[in-house]
Each structure stands twice: as C-alpha cells, then as structure tokens.
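Trainee: Input query.tsv, format and content: TSV, C-alpha atoms.
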chain	number	residue	atom	x	y	z
X	1	MET	CA	3.57	16.49	20.59
X	2	ASN	CA	3.02	13.64	18.12
X	3	LYS	CA	3.34	14.42	14.44
X	4	ARG	CA	0.14	14.34	12.41
X	5	VAL	CA	0.44	11.89	9.52
X	6	CYS	CA	-1.52	11.24	6.34
X	7	VAL	CA	-0.82	8.16	4.22
X	8	TYR	CA	-1.25	8.02	0.43
X	9	ILE	CA	-1.22	4.58	-1.23
X	10	ASP	CA	-0.72	4.17	-4.97
X	11	GLY	CA	-2.60	0.87	-5.24
X	12	ALA	CA	-1.67	-0.11	-8.79
X	13	ASN	CA	1.99	0.68	-8.19
X	14	PHE	CA	1.92	-1.30	-4.96
X	15	TYR	CA	0.53	-4.34	-6.77
X	16	GLY	CA	3.26	-4.08	-9.41
X	17	GLY	CA	5.89	-3.77	-6.70
X	18	LEU	CA	4.69	-6.92	-5.00
X	19	ARG	CA	4.91	-8.79	-8.29
X	20	SER	CA	8.48	-7.56	-8.75
X	21	ILE	CA	9.37	-9.51	-5.59
X	22	ASN	CA	7.35	-12.62	-6.36
X	23	GLN	CA	4.87	-13.22	-9.17
X	24	ARG	CA	2.61	-15.11	-6.77
X	25	TYR	CA	2.21	-12.19	-4.36
X	26	THR	CA	-1.11	-10.32	-4.50
X	27	ASP	CA	-2.26	-7.23	-2.65
X	28	GLU	CA	-5.48	-8.71	-1.26
X	29	LYS	CA	-3.34	-10.81	1.09
X	30	PHE	CA	-1.36	-7.83	2.38
X	31	ASP	CA	-2.12	-6.46	5.84
X	32	PHE	CA	-2.28	-2.75	5.07
X	33	GLU	CA	-3.77	-1.89	8.44
X	34	ASN	CA	-0.93	-3.29	10.53
X	35	TYR	CA	1.70	-2.12	8.08
X	36	ILE	CA	0.47	1.45	8.43
X	37	LYS	CA	0.39	1.10	12.22
X	38	TYR	CA	4.00	-0.03	12.00
X	39	LEU	CA	4.91	3.03	9.91
X	40	THR	CA	3.04	5.53	12.07
X	41	LYS	CA	3.82	4.37	15.60
X	42	ASN	CA	4.35	7.32	17.95
X	43	CYS	CA	2.46	9.52	15.47
X	44	SER	CA	-1.12	10.67	15.16
X	45	LEU	CA	-2.67	9.04	12.09
X	46	ILE	CA	-5.10	11.50	10.50
X	47	LYS	CA	-6.14	9.90	7.22
X	48	ILE	CA	-5.34	7.04	4.83
X	49	TYR	CA	-6.02	7.36	1.11
X	50	TYR	CA	-5.95	4.37	-1.23
X	51	TYR	CA	-6.09	4.89	-5.03
X	52	ASN	CA	-6.83	2.23	-7.62
X	53	ALA	CA	-9.41	1.16	-10.22
X	54	SER	CA	-11.69	-1.85	-10.34
X	55	LEU	CA	-10.84	-4.65	-12.72
X	56	LYS	CA	-13.31	-5.42	-15.49
X	57	GLN	CA	-15.60	-8.04	-13.97
X	58	GLN	CA	-16.51	-9.64	-17.29
X	59	LEU	CA	-12.83	-10.13	-18.17
X	60	ASN	CA	-11.40	-11.06	-14.75
X	61	LYS	CA	-14.16	-12.62	-12.64
X	62	GLU	CA	-12.05	-14.23	-9.91
X	63	PRO	CA	-9.42	-11.44	-9.68
X	64	PHE	CA	-12.32	-8.95	-9.62
X	65	ARG	CA	-13.91	-10.79	-6.67
X	66	ARG	CA	-10.63	-10.83	-4.73
X	67	GLN	CA	-9.97	-7.17	-5.49
X	68	GLN	CA	-13.44	-6.14	-4.27
X	69	LYS	CA	-12.79	-8.08	-1.08
X	70	LEU	CA	-9.62	-6.01	-0.57
X	71	PHE	CA	-11.49	-2.75	-1.20
X	72	SER	CA	-14.15	-3.78	1.32
X	73	ARG	CA	-11.51	-4.53	3.94
X	74	LEU	CA	-9.79	-1.20	3.35
X	75	ARG	CA	-13.07	0.70	3.73
X	76	LYS	CA	-13.51	-0.86	7.17
X	77	MET	CA	-10.19	0.56	8.36
X	78	LYS	CA	-10.45	3.64	10.53
X	79	ASN	CA	-10.06	6.93	8.61
X	80	CYS	CA	-9.38	5.14	5.33
X	81	GLU	CA	-10.85	6.42	2.07
X	82	VAL	CA	-10.79	4.29	-1.08
X	83	ILE	CA	-10.70	6.37	-4.28
X	84	LEU	CA	-11.50	4.36	-7.40
X	85	CYS	CA	-10.67	5.76	-10.82
X	86	LYS	CA	-11.52	4.46	-14.30
X	87	ARG	CA	-9.85	1.89	-16.53
X	88	LYS	CA	-9.59	2.92	-20.16
X	89	PRO	CA	-9.18	0.46	-23.08
X	90	ARG	CA	-6.08	0.58	-25.24
X	91	ILE	CA	-4.92	-1.48	-28.24
X	92	SER	CA	-1.44	-2.99	-28.25
X	93	GLU	CA	0.83	-3.15	-31.31
X	94	GLU	CA	-0.29	-6.77	-31.71
X	95	GLY	CA	-3.92	-5.63	-31.88
X	96	GLU	CA	-4.87	-6.93	-28.45
X	97	GLU	CA	-7.02	-4.86	-26.09
X	98	TYR	CA	-5.78	-4.02	-22.61
X	99	HIS	CA	-6.82	-1.50	-19.94
X	100	ILE	CA	-4.91	1.20	-18.11
X	101	ILE	CA	-5.86	3.24	-15.06
X	102	LYS	CA	-6.50	6.92	-15.70
X	103	GLY	CA	-6.53	9.66	-13.08
X	104	ASP	CA	-5.20	7.86	-10.01
X	105	ASP	CA	-1.87	9.72	-9.92
X	106	VAL	CA	-3.64	13.07	-10.40
X	107	CYS	CA	-6.11	12.35	-7.59
X	108	LEU	CA	-3.30	11.34	-5.24
X	109	ALA	CA	-1.26	14.45	-6.05
X	110	LEU	CA	-4.23	16.78	-5.60
X	111	ASP	CA	-5.13	15.23	-2.24
X	112	MET	CA	-1.60	15.30	-0.85
X	113	LEU	CA	-0.96	18.85	-2.01
X	114	GLY	CA	-4.40	20.09	-0.91
X	115	ASP	CA	-3.98	18.53	2.53
X	116	ALA	CA	-0.59	20.19	2.85
X	117	TYR	CA	-2.02	23.63	1.99
X	118	GLU	CA	-4.84	23.05	4.49
X	119	ASN	CA	-2.26	22.02	7.13
X	120	LYS	CA	-3.89	18.64	7.77
X	121	TYR	CA	-0.59	16.89	8.43
X	122	ASP	CA	3.00	17.41	9.51
X	123	LYS	CA	4.24	14.39	7.58
X	124	ALA	CA	2.97	12.63	4.47
X	125	ILE	CA	3.80	8.99	3.82
X	126	LEU	CA	3.71	8.10	0.14
X	127	ILE	CA	3.51	4.38	-0.63
X	128	SER	CA	4.68	4.32	-4.23
X	129	SER	CA	7.82	3.80	-6.32
X	130	ASP	CA	6.59	6.06	-9.15
X	131	GLY	CA	9.13	8.71	-10.13
X	132	ASP	CA	6.34	10.91	-11.53
X	133	PHE	CA	5.63	11.95	-7.93
X	134	ALA	CA	9.02	13.66	-7.55
X	135	PRO	CA	7.66	17.16	-8.40
X	136	LEU	CA	4.83	16.58	-5.91
X	137	ILE	CA	7.32	15.84	-3.13
X	138	GLU	CA	9.28	18.99	-3.98
X	139	ARG	CA	6.14	21.12	-3.80
X	140	VAL	CA	4.93	19.59	-0.52
X	141	LYS	CA	8.34	20.07	1.11
X	142	LYS	CA	8.28	23.76	0.15
X	143	LEU	CA	5.24	23.96	2.42
X	144	LYS	CA	7.45	22.83	5.31
X	145	LYS	CA	6.04	19.30	5.41
X	146	GLU	CA	7.99	16.06	5.77
X	147	VAL	CA	7.58	13.38	3.13
X	148	ASP	CA	8.47	9.74	3.67
X	149	ILE	CA	8.30	7.15	0.90
X	150	CYS	CA	7.74	3.40	1.03
X	151	TYR	CA	9.05	1.78	-2.11
X	152	PHE	CA	10.04	-1.44	-3.86
X	153	ALA	CA	13.76	-1.51	-4.68
X	154	GLU	CA	13.32	-3.13	-8.10
X	155	CYS	CA	11.16	-0.35	-9.55
X	156	VAL	CA	11.86	2.88	-7.67
X	157	SER	CA	13.04	6.18	-9.10
X	158	ASP	CA	16.33	7.48	-7.67
X	159	ASN	CA	14.91	10.99	-7.80
X	160	LEU	CA	12.06	9.94	-5.53
X	161	ILE	CA	14.49	8.48	-2.99
X	162	ASN	CA	16.76	11.53	-3.02
X	163	LEU	CA	13.90	13.98	-2.43
X	164	SER	CA	12.22	12.18	0.47
X	165	ASP	CA	13.02	12.79	4.13
X	166	ASN	CA	12.85	9.14	5.17
X	167	LYS	CA	12.88	5.95	3.10
X	168	HIS	CA	11.23	2.62	3.88
X	169	THR	CA	12.07	-0.26	1.56
X	170	ILE	CA	9.25	-2.76	1.10
X	171	SER	CA	11.47	-5.82	1.05
X	172	LYS	CA	10.56	-9.48	0.83
X	173	LYS	CA	11.00	-9.65	4.59
X	174	ILE	CA	8.49	-6.84	5.11
X	175	VAL	CA	6.05	-8.37	2.64
X	176	LYS	CA	6.14	-11.71	4.45
X	177	ARG	CA	5.76	-10.03	7.82
X	178	PHE	CA	2.56	-8.31	6.72
X	179	PHE	CA	1.04	-11.01	4.53
X	180	TYR	CA	-2.07	-12.70	5.91
X	181	VAL	CA	-1.14	-16.14	4.64
X	182	GLU	CA	2.36	-16.03	6.10
X	183	ARG	CA	1.11	-14.87	9.51
X	184	LYS	CA	-1.62	-17.53	9.64
X	185	LYS	CA	0.86	-20.27	8.83
X	186	LYS	CA	3.10	-19.15	11.65
X	187	GLN	CA	0.17	-19.15	14.07
X	188	GLU	CA	-1.01	-22.59	12.94
X	189	ASN	CA	2.43	-24.15	13.22
X	190	LYS	CA	3.04	-22.77	16.70
X	191	ILE	CA	1.77	-25.07	19.49
X	192	PRO	CA	0.69	-23.20	22.65
X	193	PRO	CA	2.82	-24.08	25.73
X	194	GLU	CA	-0.20	-25.44	27.66
X	195	LYS	CA	-1.18	-27.74	24.80
X	196	SER	CA	2.37	-28.93	24.32
X	197	ALA	CA	2.65	-29.77	28.03
X	198	ASN	CA	-0.60	-31.73	27.94
X	199	GLN	CA	0.54	-33.70	24.92
X	200	ASN	CA	3.77	-34.64	26.67
X	201	ALA	CA	1.82	-35.79	29.72
X	202	VAL	CA	-0.35	-38.05	27.58
X	203	GLN	CA	2.66	-39.53	25.83
X	204	LYS	CA	4.26	-40.38	29.17
Take the structure in the file and write it out as structure tokens.
Mentor:
Amino acid sequence: MNKRVCVYIDGANFYGGLRSINQRYTDEKFDFENYIKYLTKNCSLIKIYYYNASLKQQLNKEPFRRQQKLFSRLRKMKNCEVILCKRKPRISEEGEEYHIIKGDDVCLALDMLGDAYENKYDKAILISSDGDFAPLIERVKKLKKEVDICYFAECVSDNLINLSDNKHTISKKIVKRFFYVERKKKQENKIPPEKSANQNAVQK
C-alpha cells in the first residue's frame, strides 16, 4: 500500500534558500509541481500547502506581478492550497522601513500537526531549512508519522536534519533541473532527430 503524503512548503524560506545558491534565482521560475512529483513518486499525494505573504504592490510593482503569477500557478496544481499571511512594517536601526512576514510558520505548524492528529498522512514532507520547526518534527514523530525535509545546505539547522527521517538537499543541480528557464533552454537547443536528418539531406 502506498504511503499517504502531505507536503508543506515554507515559501519565504524557500526563496531565501534559492538566493543562497545564486542571487539571480527566483521562485516564480521553479517547477514546484514536477519537483513534488519527483519527491512523492510511488506515494499517494494527499495535499500540498504553500505558505507565504504577498509583496507590497506599491513598493515592488514588478516583483509583485511575478509573485502573483507564481501564486496563480500554484493554485492550479491539483490539491494545492496557497495560504497567504500578512507583512508587517518594521523600522531598521538606520531608520529605514522594511516588512516581515507574520504568522506563516504558525500556520504551517498548525496544519502539519492537525493533519497528523487527524491521520491524514503517513509521511509529511517539509520544504524548509528553518530550525524553528524542530519541535514540530518531534511532536509529529511522536504520533508515529514520518517526516522528510527538503533543505538548502547553506542555511539549514543541524537539529532539523538530525530529527528528520529522510533528507533531500536542494542543491544547485536540483534547482537547475526544476527551473523553467533551464528546461526550456535545453529543449530549444535540442534538435529533433527527424529535423536534423532533413537538414543533412538539404546540405548534401
């Protein structure tokens, strides 16, 4: 019998992890759908949760547009729920205003723990490098559930790695494999055999 799996994506942490690999990488170009299929092959995928917060449109017009495009694509994925929290203003020591996301970690923890109590899954996959989730993993495992983590090596907590049942590093190789731009380039540069044969015939 296939294991039932729920996936929990810490969107803000994922974005930060991508940037730790390459400052040019952005999450709207990442193929979440196929990455999750890759993680859950031979399993029964029950639900995908994605947590984040919208950027301030008046401050980040183009990034806001790209982010909304990502959210729209995620909502079209089967059994995927996008949970958007709030951004709260803060003032830096230099007197500059910036915004932080509030409530996303709490929402993720409540959903994963609640789903475990309700026996919705056999295995949870947490896509996050945030060490604050270590107590959550401990609690979920006490309910006889497996917990896998997908993390970025540059910003992961050792405690998170040690507590999980299985670990999946999101390396540069993985990021390239599941980036839209990278995959399109490969497809564009590859000449189909039939076309190549025809070209050779013309040249002769």
Trainee: Using all atoms listed in the file, can you tell me which of X:Arg66, X:Arg73, X:Lys142, X:Lys173 comes closest to Thr26 in chain X?
Mentor: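 Going through X:Arg66, X:Arg73, X:Lys142, X:Lys173 one by one, the smallest distance to Thr26 in chain X is for X:Arg66.
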Trainee: Provide the CA of Gly16 in chain X to CA of Lys141 in chain X distance in Å, to one decimal place.
Mentor: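 Result for CA of Gly16 in chain X versus CA of Lys141 in chain X: 26.8 Å, one decimal.
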Trainee: Using all atoms listed in the file, find the one residue out of X:Cys107, X:Ala134, X:Ile48, X:Met1 that sits nearest to Val156 in chain X.
Mentor: X:Ala134
Trainee: Could you tell me how far CA of Ile46 in chain X lies from CA of Leu110 in chain X, in Å and to one decimal?
Mentor: 17.0 Å
Trainee: In Å, how far is it from CA of Glu146 in chain X to CA of Ile174 in chain X?
Mentor: 22.9 Å
Trainee: For a quick check of understanding, using all atoms listed in the file, which of X:Leu59, X:Val7, X:Met77, X:Leu18 has the smallest distance to Ile170 in chain X?
Mentor: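 Looking only at the distances to Ile170 in chain X, the closest residue turns out to be X:Leu18.
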Trainee: Could you tell me which of X:Asp105, X:Pro63, X:Leu45, X:Cys80 comes closest to Gly11 in chain X if we count all atoms listed in the file?
Mentor: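 Using all atoms listed in the file, the shortest distance to Gly11 in chain X belongs to X:Asp105.
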Trainee: Residues within 12 Å of Ser129 in chain X, please, as a ChimeraX atom specification. Count only C-alpha atoms; anything in the same chain fewer than 3 positions from it doesn't count.
Mentor: /X:9-18,20,105,126,132-134,148-161,164,167-170
Trainee: Using all atoms listed in the file, which protein or nucleic acid residues come within 12 Å of Asp111 in chain X? Drop anything in the same chain fewer than 2 positions from it, and give the result as a ChimeraX atom specification.
Mentor: /X:6-9,47-51,81,83,104-109,113-121,124,126,136,140
Trainee: Pick out the closest residue to Phe71 in chain X from this set: X:Lys37, X:Arg87, X:Lys29, X:Arg24. Count all atoms listed in the file.
Mentor: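 So, comparing all the options, the nearest one is X:Lys29.
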Trainee: So, counting only C-alpha atoms, which residue among X:Arg75, X:Arg177, X:Lys123, X:Arg19 is closest to Asp165 in chain X?
Mentor: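 Of X:Arg75, X:Arg177, X:Lys123, X:Arg19, the one nearest Asp165 in chain X, counting only C-alpha atoms, is X:Lys123.
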Trainee: Show me, as a PyMOL selection string, the residues that have an atom within 9 Å of Leu55 in chain X when counting only C-alpha atoms, minus same-chain residues fewer than 6 positions from it.
Mentor: chain X and resi 61+63-64+67-68+87+99
Trainee: For range 75-82 of chain X, I'd like the enclosing box, axis-aligned and padded by 6 Å on every side, reported as JSON with centre and edge lengths in Å to one decimal.
Mentor:
{"center_x": -11.4, "center_y": 3.0, "center_z": 4.7, "size_x": 16.1, "size_y": 19.8, "size_z": 23.6}
Trainee: Please fill the gaps in range 161-182 of chain X so it has N, CA and C atoms, and write that as an mmCIF file, keeping the file's coordinate frame.
Mentor:
data_model
loop_
_atom_site.group_PDB
_atom_site.id
_atom_site.type_symbol
_atom_site.label_atom_id
_atom_site.label_comp_id
_atom_site.auth_asym_id
_atom_site.auth_seq_id
_atom_site.Cartn_x
_atom_site.Cartn_y
_atom_site.Cartn_z
ATOM 1 N N ILE X 161 13.736 8.798 -4.209
ATOM 2 C CA ILE X 161 14.490 8.480 -2.990
ATOM 3 C C ILE X 161 15.255 9.698 -2.494
ATOM 4 N N ASN X 162 15.923 10.392 -3.405
ATOM 5 C CA ASN X 162 16.760 11.530 -3.020
ATOM 6 C C ASN X 162 15.949 12.691 -2.434
ATOM 7 N N LEU X 163 14.721 12.857 -2.882
ATOM 8 C CA LEU X 163 13.900 13.980 -2.430
ATOM 9 C C LEU X 163 13.214 13.739 -1.089
ATOM 10 N N SER X 164 12.993 12.483 -0.737
ATOM 11 C CA SER X 164 12.220 12.180 0.470
ATOM 12 C C SER X 164 13.054 12.381 1.735
ATOM 13 N N ASP X 165 12.350 12.612 2.839
ATOM 14 C CA ASP X 165 13.020 12.790 4.130
ATOM 15 C C ASP X 165 13.437 11.455 4.733
ATOM 16 N N ASN X 166 12.561 10.467 4.640
ATOM 17 C CA ASN X 166 12.850 9.140 5.170
ATOM 18 C C ASN X 166 12.411 8.093 4.150
ATOM 19 N N LYS X 167 13.158 6.994 4.090
ATOM 20 C CA LYS X 167 12.880 5.950 3.100
ATOM 21 C C LYS X 167 12.590 4.638 3.816
ATOM 22 N N HIS X 168 11.587 3.926 3.325
ATOM 23 C CA HIS X 168 11.230 2.620 3.880
ATOM 24 C C HIS X 168 11.134 1.625 2.720
ATOM 25 N N THR X 169 12.102 0.743 2.626
ATOM 26 C CA THR X 169 12.070 -0.260 1.560
ATOM 27 C C THR X 169 11.051 -1.340 1.891
ATOM 28 N N ILE X 170 10.190 -1.651 0.931
ATOM 29 C CA ILE X 170 9.250 -2.760 1.100
ATOM 30 C C ILE X 170 9.951 -3.998 0.548
ATOM 31 N N SER X 171 10.665 -4.662 1.419
ATOM 32 C CA SER X 171 11.470 -5.820 1.050
ATOM 33 C C SER X 171 10.639 -7.105 1.148
ATOM 34 N N LYS X 172 11.241 -8.188 0.717
ATOM 35 C CA LYS X 172 10.560 -9.480 0.830
ATOM 36 C C LYS X 172 10.279 -9.807 2.293
ATOM 37 N N LYS X 173 11.187 -9.417 3.161
ATOM 38 C CA LYS X 173 11.000 -9.650 4.590
ATOM 39 C C LYS X 173 9.781 -8.896 5.114
ATOM 40 N N ILE X 174 9.641 -7.644 4.693
ATOM 41 C CA ILE X 174 8.490 -6.840 5.110
ATOM 42 C C ILE X 174 7.201 -7.421 4.541
ATOM 43 N N VAL X 175 7.241 -7.808 3.284
ATOM 44 C CA VAL X 175 6.050 -8.370 2.640
ATOM 45 C C VAL X 175 5.583 -9.622 3.376
ATOM 46 N N LYS X 176 6.513 -10.499 3.722
ATOM 47 C CA LYS X 176 6.140 -11.710 4.450
ATOM 48 C C LYS X 176 5.598 -11.385 5.835
ATOM 49 N N ARG X 177 6.194 -10.404 6.469
ATOM 50 C CA ARG X 177 5.760 -10.030 7.820
ATOM 51 C C ARG X 177 4.309 -9.556 7.830
ATOM 52 N N PHE X 178 3.897 -8.891 6.750
ATOM 53 C CA PHE X 178 2.560 -8.310 6.720
ATOM 54 C C PHE X 178 1.618 -8.996 5.731
ATOM 55 N N PHE X 179 1.947 -10.235 5.370
ATOM 56 C CA PHE X 179 1.040 -11.010 4.530
ATOM 57 C C PHE X 179 0.154 -11.886 5.404
ATOM 58 N N TYR X 180 -1.130 -11.893 5.147
ATOM 59 C CA TYR X 180 -2.070 -12.700 5.910
ATOM 60 C C TYR X 180 -1.687 -14.179 5.910
ATOM 61 N N VAL X 181 -1.409 -14.720 4.757
ATOM 62 C CA VAL X 181 -1.140 -16.140 4.640
ATOM 63 C C VAL X 181 0.078 -16.520 5.465
ATOM 64 N N GLU X 182 1.138 -15.735 5.369
ATOM 65 C CA GLU X 182 2.360 -16.030 6.100
ATOM 66 C C GLU X 182 2.125 -15.992 7.606
#
